>>> print(open('structure20.cif').read())   # mmCIF, C-alpha atoms
data_model
#
loop_
_atom_site.group_PDB
_atom_site.id
_atom_site.type_symbol
_atom_site.label_atom_id
_atom_site.label_comp_id
_atom_site.auth_asym_id
_atom_site.auth_seq_id
_atom_site.Cartn_x
_atom_site.Cartn_y
_atom_site.Cartn_z
ATOM 1 C CA MET A 1 85.262 109.997 145.453
ATOM 2 C CA PRO A 2 86.900 112.344 142.895
ATOM 3 C CA LYS A 3 85.389 112.192 139.412
ATOM 4 C CA GLU A 4 87.210 112.872 136.156
ATOM 5 C CA THR A 5 85.650 114.302 133.016
ATOM 6 C CA SER A 6 87.312 115.121 129.720
ATOM 7 C CA PHE A 7 85.878 116.189 126.405
ATOM 8 C CA VAL A 8 86.413 118.423 123.418
ATOM 9 C CA HIS A 9 83.909 120.487 121.414
ATOM 10 C CA PHE A 10 83.958 122.680 118.348
ATOM 11 C CA LEU A 11 83.715 126.419 118.738
ATOM 12 C CA ASP A 12 83.526 128.035 115.332
ATOM 13 C CA LEU A 13 81.491 128.064 112.152
ATOM 14 C CA ASN A 14 83.802 125.828 110.119
ATOM 15 C CA GLY A 15 85.242 123.286 112.526
ATOM 16 C CA GLN A 16 88.664 124.946 112.709
ATOM 17 C CA ASP A 17 88.681 125.787 116.434
ATOM 18 C CA ARG A 18 88.070 123.620 119.498
ATOM 19 C CA ARG A 19 87.928 123.831 123.246
ATOM 20 C CA ARG A 20 89.443 120.961 125.224
ATOM 21 C CA HIS A 21 88.301 120.552 128.812
ATOM 22 C CA TYR A 22 89.307 118.244 131.630
ATOM 23 C CA HIS A 23 88.540 118.375 135.296
ATOM 24 C CA VAL A 24 88.669 116.294 138.435
ATOM 25 C CA HIS A 25 86.157 117.313 141.031
ATOM 26 C CA GLU A 26 84.707 116.120 144.274
ATOM 27 C CA ARG A 27 81.534 117.493 145.839
ATOM 28 C CA GLY A 28 81.654 120.624 143.680
ATOM 29 C CA ARG A 29 85.318 121.365 144.380
ATOM 30 C CA VAL A 30 87.712 121.357 141.424
ATOM 31 C CA LEU A 31 90.862 119.374 142.225
ATOM 32 C CA ASP A 32 92.536 119.475 138.796
ATOM 33 C CA PHE A 33 91.684 120.983 135.427
ATOM 34 C CA VAL A 34 92.711 121.732 131.875
ATOM 35 C CA GLU A 35 91.205 124.450 129.700
ATOM 36 C CA GLN A 36 92.735 124.575 126.261
ATOM 37 C CA TYR A 37 91.967 126.439 123.065
ATOM 38 C CA GLU A 38 93.299 124.675 119.973
ATOM 39 C CA THR A 39 93.107 125.402 116.282
ATOM 40 C CA LEU A 40 93.489 123.398 113.082
ATOM 41 C CA ILE A 41 96.698 124.242 111.237
ATOM 42 C CA GLU A 42 97.855 122.290 108.185
ATOM 43 C CA GLY A 43 95.603 119.366 109.067
ATOM 44 C CA GLY A 44 96.704 119.019 112.688
ATOM 45 C CA TRP A 45 95.266 120.295 115.961
ATOM 46 C CA VAL A 46 97.618 122.784 117.613
ATOM 47 C CA PRO A 47 97.224 124.094 121.172
ATOM 48 C CA ILE A 48 97.383 127.892 121.305
ATOM 49 C CA VAL A 49 96.708 128.550 124.987
ATOM 50 C CA ARG A 50 96.297 126.146 127.875
ATOM 51 C CA TYR A 51 95.474 126.546 131.533
ATOM 52 C CA ASP A 52 96.120 123.611 133.802
ATOM 53 C CA THR A 53 97.206 122.284 137.155
ATOM 54 C CA SER A 54 99.419 119.509 135.835
ATOM 55 C CA HIS A 55 102.057 117.636 137.794
ATOM 56 C CA GLY A 56 101.075 119.220 141.102
ATOM 57 C CA GLN A 57 102.024 122.698 139.918
ATOM 58 C CA PRO A 58 99.925 125.724 140.868
ATOM 59 C CA PRO A 59 97.395 126.740 138.213
ATOM 60 C CA HIS A 60 99.250 128.236 135.272
ATOM 61 C CA ARG A 61 98.837 129.357 131.690
ATOM 62 C CA ASP A 62 100.973 128.163 128.807
ATOM 63 C CA LEU A 63 101.044 130.276 125.648
ATOM 64 C CA TYR A 64 102.373 128.183 122.791
ATOM 65 C CA HIS A 65 104.770 129.250 120.054
ATOM 66 C CA PRO A 66 105.292 127.627 116.639
ATOM 67 C CA ASP A 67 108.891 126.764 117.545
ATOM 68 C CA GLY A 68 107.628 124.467 120.308
ATOM 69 C CA THR A 69 108.429 126.749 123.232
ATOM 70 C CA ARG A 70 105.850 127.947 125.742
ATOM 71 C CA ASP A 71 105.466 131.061 127.880
ATOM 72 C CA LYS A 72 104.366 130.047 131.342
ATOM 73 C CA MET A 73 102.482 132.318 133.725
ATOM 74 C CA TYR A 74 101.413 131.164 137.179
ATOM 75 C CA LEU A 75 98.080 132.235 138.596
ATOM 76 C CA SER A 76 97.728 133.447 142.155
ATOM 77 C CA PHE A 77 94.481 131.589 142.884
ATOM 78 C CA SER A 78 94.595 128.964 145.609
ATOM 79 C CA ASP A 79 90.987 127.994 144.874
ATOM 80 C CA TYR A 80 90.937 125.902 141.693
ATOM 81 C CA ASN A 81 87.263 126.713 141.053
ATOM 82 C CA GLU A 82 88.191 130.392 140.808
ATOM 83 C CA ALA A 83 91.256 129.586 138.703
ATOM 84 C CA LEU A 84 89.113 127.618 136.272
ATOM 85 C CA THR A 85 86.631 130.473 135.970
ATOM 86 C CA TYR A 86 89.501 132.876 135.307
ATOM 87 C CA ALA A 87 90.907 130.561 132.637
ATOM 88 C CA GLN A 88 87.565 130.340 130.855
ATOM 89 C CA GLN A 89 87.093 134.110 130.953
ATOM 90 C CA ASP A 90 90.600 134.783 129.665
ATOM 91 C CA ILE A 91 90.201 132.414 126.742
ATOM 92 C CA ARG A 92 86.796 133.902 125.919
ATOM 93 C CA LYS A 93 88.230 137.395 125.847
ATOM 94 C CA ASN A 94 91.657 136.829 124.321
ATOM 95 C CA TRP A 95 91.598 133.809 122.019
ATOM 96 C CA PRO A 96 91.629 135.985 118.854
ATOM 97 C CA GLN A 97 94.813 137.743 119.970
ATOM 98 C CA TYR A 98 96.472 134.491 121.050
ATOM 99 C CA LYS A 99 95.642 132.874 117.705
ATOM 100 C CA ALA A 100 96.718 135.921 115.687
ATOM 101 C CA GLN A 101 100.036 136.062 117.554
ATOM 102 C CA TYR A 102 100.684 132.376 116.913
ATOM 103 C CA LEU A 103 99.929 132.711 113.201
ATOM 104 C CA ARG A 104 102.112 135.819 112.906
ATOM 105 C CA GLU A 105 105.016 133.978 114.483
ATOM 106 C CA LYS A 106 104.450 131.005 112.222
ATOM 107 C CA GLU A 107 104.605 133.230 109.161
ATOM 108 C CA GLN A 108 107.832 134.813 110.346
ATOM 109 C CA LYS A 109 109.508 131.473 111.060
ATOM 110 C CA PRO A 110 112.311 130.830 108.563
ATOM 111 C CA MET B 1 86.709 137.239 111.654
ATOM 112 C CA THR B 2 83.157 138.076 110.661
ATOM 113 C CA LYS B 3 80.428 139.076 113.061
ATOM 114 C CA LYS B 4 78.806 135.701 112.416
ATOM 115 C CA ASP B 5 82.012 133.848 113.297
ATOM 116 C CA LYS B 6 82.252 135.745 116.570
ATOM 117 C CA GLU B 7 78.616 135.103 117.372
ATOM 118 C CA ILE B 8 78.952 131.338 116.861
ATOM 119 C CA PHE B 9 82.187 131.219 118.824
ATOM 120 C CA ASP B 10 80.715 133.136 121.779
ATOM 121 C CA LYS B 11 77.590 130.996 121.842
ATOM 122 C CA ASN B 12 79.600 127.778 121.834
ATOM 123 C CA LEU B 13 81.985 129.041 124.495
ATOM 124 C CA THR B 14 79.062 129.959 126.721
ATOM 125 C CA LEU B 15 77.329 126.625 126.179
ATOM 126 C CA GLY B 16 80.569 124.715 126.620
ATOM 127 C CA THR B 17 81.525 126.353 129.904
ATOM 128 C CA GLU B 18 77.994 125.987 131.226
ATOM 129 C CA PHE B 19 78.082 122.332 130.245
ATOM 130 C CA SER B 20 81.329 121.860 132.209
ATOM 131 C CA ARG B 21 79.657 123.435 135.221
ATOM 132 C CA TYR B 22 76.540 121.289 134.803
ATOM 133 C CA VAL B 23 78.577 118.121 134.639
ATOM 134 C CA MET B 24 80.352 119.043 137.882
ATOM 135 C CA GLU B 25 77.072 119.576 139.624
ATOM 136 C CA HIS B 26 75.456 116.444 138.139
ATOM 137 C CA PRO B 27 77.950 113.571 138.415
ATOM 138 C CA GLU B 28 75.413 111.136 136.967
ATOM 139 C CA PHE B 29 75.901 112.920 133.623
ATOM 140 C CA ALA B 30 79.670 113.002 133.970
ATOM 141 C CA GLU B 31 79.709 109.210 134.155
ATOM 142 C CA GLN B 32 78.066 108.993 130.723
ATOM 143 C CA ILE B 33 80.794 110.963 128.922
ATOM 144 C CA PRO B 34 83.577 108.723 127.580
ATOM 145 C CA LYS B 35 87.124 109.982 128.065
ATOM 146 C CA ASP B 36 88.063 112.657 125.488
ATOM 147 C CA ALA B 37 84.702 112.406 123.780
ATOM 148 C CA LEU B 38 83.666 114.876 121.113
ATOM 149 C CA VAL B 39 80.743 116.672 122.670
ATOM 150 C CA VAL B 40 78.229 118.151 120.252
ATOM 151 C CA LEU B 41 76.301 121.020 121.784
ATOM 152 C CA LEU B 42 72.721 121.139 120.511
ATOM 153 C CA PRO B 43 70.658 123.955 122.024
ATOM 154 C CA GLU B 44 67.024 123.296 121.129
ATOM 155 C CA ASP B 45 66.203 126.991 120.878
ATOM 156 C CA ASP B 46 68.925 127.610 118.267
ATOM 157 C CA PRO B 47 68.429 125.346 115.247
ATOM 158 C CA GLU B 48 71.101 127.145 113.240
ATOM 159 C CA LEU B 49 73.771 126.496 115.864
ATOM 160 C CA CYS B 50 72.621 122.892 116.149
ATOM 161 C CA GLU B 51 73.124 122.425 112.432
ATOM 162 C CA ILE B 52 76.579 124.010 112.486
ATOM 163 C CA ASN B 53 77.751 121.947 115.444
ATOM 164 C CA ARG B 54 76.305 118.728 114.051
ATOM 165 C CA LYS B 55 77.967 119.287 110.677
ATOM 166 C CA ASN B 56 81.333 120.107 112.244
ATOM 167 C CA ALA B 57 81.133 116.979 114.369
ATOM 168 C CA GLU B 58 80.278 114.763 111.397
ATOM 169 C CA GLU B 59 83.132 116.150 109.340
ATOM 170 C CA GLY B 60 85.683 116.633 112.102
ATOM 171 C CA ARG B 61 85.241 113.536 114.219
ATOM 172 C CA GLU B 62 88.583 111.767 114.649
ATOM 173 C CA PRO B 63 88.817 108.009 113.937
ATOM 174 C CA GLY B 64 87.573 106.045 116.933
ATOM 175 C CA GLN B 65 86.573 109.172 118.838
ATOM 176 C CA PRO B 66 83.406 108.717 120.895
ATOM 177 C CA VAL B 67 80.714 111.317 120.220
ATOM 178 C CA VAL B 68 78.131 112.543 122.676
ATOM 179 C CA TYR B 69 75.181 114.679 121.619
ATOM 180 C CA VAL B 70 74.221 117.154 124.329
ATOM 181 C CA ARG B 71 70.669 118.323 123.737
ATOM 182 C CA ILE B 72 70.227 121.480 125.750
ATOM 183 C CA LYS B 73 66.608 122.245 126.419
ATOM 184 C CA LYS B 74 67.121 125.569 128.091
ATOM 185 C CA LEU B 75 69.818 127.979 129.214
ATOM 186 C CA ALA B 76 68.651 129.977 132.222
ATOM 187 C CA PRO B 77 69.563 133.647 132.481
ATOM 188 C CA MET B 78 72.753 134.542 134.318
ATOM 189 C CA ARG B 79 72.162 134.758 138.026
ATOM 190 C CA GLU B 80 73.946 136.809 140.581
ATOM 191 C CA ARG B 81 76.348 134.894 142.772
ATOM 192 C CA ILE B 82 76.211 137.159 145.772
ATOM 193 C CA ALA B 83 73.996 135.420 148.291
ATOM 194 C CA LYS B 84 73.802 138.225 150.758
ATOM 195 C CA LEU B 85 75.067 141.771 151.083
ATOM 196 C CA ARG B 86 74.554 144.930 153.056
ATOM 197 C CA LEU B 87 74.945 148.484 151.870
ATOM 198 C CA GLU B 88 76.527 151.113 154.014
ATOM 199 C CA LEU B 89 76.189 154.731 153.008
ATOM 200 C CA VAL B 90 79.283 156.707 153.831
ATOM 201 C CA PRO B 91 78.470 160.213 155.029
ATOM 202 C CA ALA B 92 79.847 163.078 152.946
#
>>> encode(input="structure20.cif", output="structure tokens")
Amino acid sequence: MPKETSFVHFLDLNGQDRRRHYHVHERGRVLDFVEQYETLIEGGWVPIVRYDTSHGQPPHRDLYHPDGTRDKMYLSFSDYNEALTYAQQDIRKNWPQYKAQYLREKEQKP
Amino acid sequence: MTKKDKEIFDKNLTLGTEFSRYVMEHPEFAEQIPKDALVVLLPEDDPELCEINRKNAEEGREPGQPVVYVRIKKLAPMRERIAKLRLELVPA
């Protein structure tokens, strides 16, 4: 029977950055997942980048903008285990750039 | 971002992703984690990181949010995933 797990944990020194994780799996096979990096801005948690398989869509990445829009990129993995690994590696490597981009855009917003 | 910031971030990302993997492979642990719990990663061989994560959890816990302490006794070295391979030398 598929099992669901969801949790969040802090990443940084000062409690300003978190990783949010969700998955549904059965016998080691990932059926659904969310990998999200979020940061604390003006007292509220804001998603910066999110990988998920929501609403029956193929695995995809959403890059968030301060104006509420998102850039969506679909992944070509059919195996969700591989897609999840890719998501984790991308966030590990690129979270500083994603965060910096978001903050730059926020500063520029009229 | 300081070198220390990066170090803490990388350590927590590693522990966090390994914890996700562990939970998938050990469903009996998955059942103990309430939905959307705040997981506090406490590696026993890194007292400094334990203190940082514990402090962040105490200060950053949201009202009504369940908290789970994950005491990690040991993180094994990375292992290769290739189970079997064969080399074939191509002649010059």
>>> interface_residues(input="structure20.cif", of="chain A", to="chain B", cutoff="12 Å", atoms="all atoms listed in the file", output="ChimeraX atom specification")
/A:1-31,33-37,40,43-45,81,84-97,99-100
>>> atom_distance(input="structure20.cif", atom1="atom CA of B:Glu18", atom2="atom CA of B:Arg79")
12.5 Å
>>> atom_distance(input="structure20.cif", atom1="atom CA of A:His60", atom2="atom CA of A:Ile48")
14.1 Å
>>> build_atoms(input="structure20.cif", residues="stretch 17-33 of chain A", atoms="N, CA, C and O atoms", output="mmCIF file, in the frame of the given file")
data_model
loop_
_atom_site.group_PDB
_atom_site.id
_atom_site.type_symbol
_atom_site.label_atom_id
_atom_site.label_comp_id
_atom_site.auth_asym_id
_atom_site.auth_seq_id
_atom_site.Cartn_x
_atom_site.Cartn_y
_atom_site.Cartn_z
ATOM 1 N N ASP A 17 88.294 125.413 115.070
ATOM 2 C CA ASP A 17 88.681 125.787 116.434
ATOM 3 C C ASP A 17 87.944 124.909 117.436
ATOM 4 O O ASP A 17 86.752 124.643 117.275
ATOM 5 N N ARG A 18 88.674 124.493 118.490
ATOM 6 C CA ARG A 18 88.070 123.620 119.498
ATOM 7 C C ARG A 18 88.467 124.058 120.885
ATOM 8 O O ARG A 18 89.517 124.693 121.102
ATOM 9 N N ARG A 19 87.619 123.655 121.827
ATOM 10 C CA ARG A 19 87.928 123.831 123.246
ATOM 11 C C ARG A 19 88.094 122.432 123.828
ATOM 12 O O ARG A 19 87.251 121.561 123.618
ATOM 13 N N ARG A 20 89.185 122.239 124.567
ATOM 14 C CA ARG A 20 89.443 120.961 125.224
ATOM 15 C C ARG A 20 89.314 121.195 126.728
ATOM 16 O O ARG A 20 89.918 122.134 127.259
ATOM 17 N N HIS A 21 88.552 120.362 127.387
ATOM 18 C CA HIS A 21 88.301 120.552 128.812
ATOM 19 C C HIS A 21 88.505 119.257 129.580
ATOM 20 O O HIS A 21 88.125 118.180 129.109
ATOM 21 N N TYR A 22 89.105 119.379 130.727
ATOM 22 C CA TYR A 22 89.307 118.244 131.630
ATOM 23 C C TYR A 22 89.161 118.776 133.047
ATOM 24 O O TYR A 22 89.602 119.877 133.359
ATOM 25 N N HIS A 23 88.523 118.010 133.888
ATOM 26 C CA HIS A 23 88.540 118.375 135.296
ATOM 27 C C HIS A 23 88.389 117.141 136.168
ATOM 28 O O HIS A 23 87.826 116.129 135.745
ATOM 29 N N VAL A 24 88.917 117.269 137.380
ATOM 30 C CA VAL A 24 88.669 116.294 138.435
ATOM 31 C C VAL A 24 87.986 117.081 139.540
ATOM 32 O O VAL A 24 88.464 118.158 139.926
ATOM 33 N N HIS A 25 86.849 116.586 139.979
ATOM 34 C CA HIS A 25 86.157 117.313 141.031
ATOM 35 C C HIS A 25 85.581 116.345 142.049
ATOM 36 O O HIS A 25 85.380 115.160 141.781
ATOM 37 N N GLU A 26 85.338 116.907 143.222
ATOM 38 C CA GLU A 26 84.707 116.120 144.274
ATOM 39 C C GLU A 26 83.802 117.051 145.059
ATOM 40 O O GLU A 26 84.260 118.094 145.549
ATOM 41 N N ARG A 27 82.558 116.720 145.112
ATOM 42 C CA ARG A 27 81.534 117.493 145.839
ATOM 43 C C ARG A 27 81.613 118.973 145.474
ATOM 44 O O ARG A 27 81.650 119.836 146.346
ATOM 45 N N GLY A 28 81.692 119.247 144.170
ATOM 46 C CA GLY A 28 81.654 120.624 143.680
ATOM 47 C C GLY A 28 82.987 121.348 143.728
ATOM 48 O O GLY A 28 83.111 122.486 143.264
ATOM 49 N N ARG A 29 84.013 120.710 144.279
ATOM 50 C CA ARG A 29 85.318 121.365 144.380
ATOM 51 C C ARG A 29 86.234 120.826 143.276
ATOM 52 O O ARG A 29 86.425 119.617 143.145
ATOM 53 N N VAL A 30 86.807 121.746 142.502
ATOM 54 C CA VAL A 30 87.712 121.357 141.424
ATOM 55 C C VAL A 30 89.077 121.010 142.025
ATOM 56 O O VAL A 30 89.649 121.812 142.767
ATOM 57 N N LEU A 31 89.570 119.817 141.692
ATOM 58 C CA LEU A 31 90.862 119.374 142.225
ATOM 59 C C LEU A 31 91.979 119.482 141.172
ATOM 60 O O LEU A 31 93.150 119.622 141.512
ATOM 61 N N ASP A 32 91.588 119.385 139.908
ATOM 62 C CA ASP A 32 92.536 119.475 138.796
ATOM 63 C C ASP A 32 91.754 119.930 137.582
ATOM 64 O O ASP A 32 90.559 119.631 137.471
ATOM 65 N N PHE A 33 92.402 120.645 136.652
ATOM 66 C CA PHE A 33 91.684 120.983 135.427
ATOM 67 C C PHE A 33 92.634 121.314 134.286
ATOM 68 O O PHE A 33 93.815 121.607 134.492
#
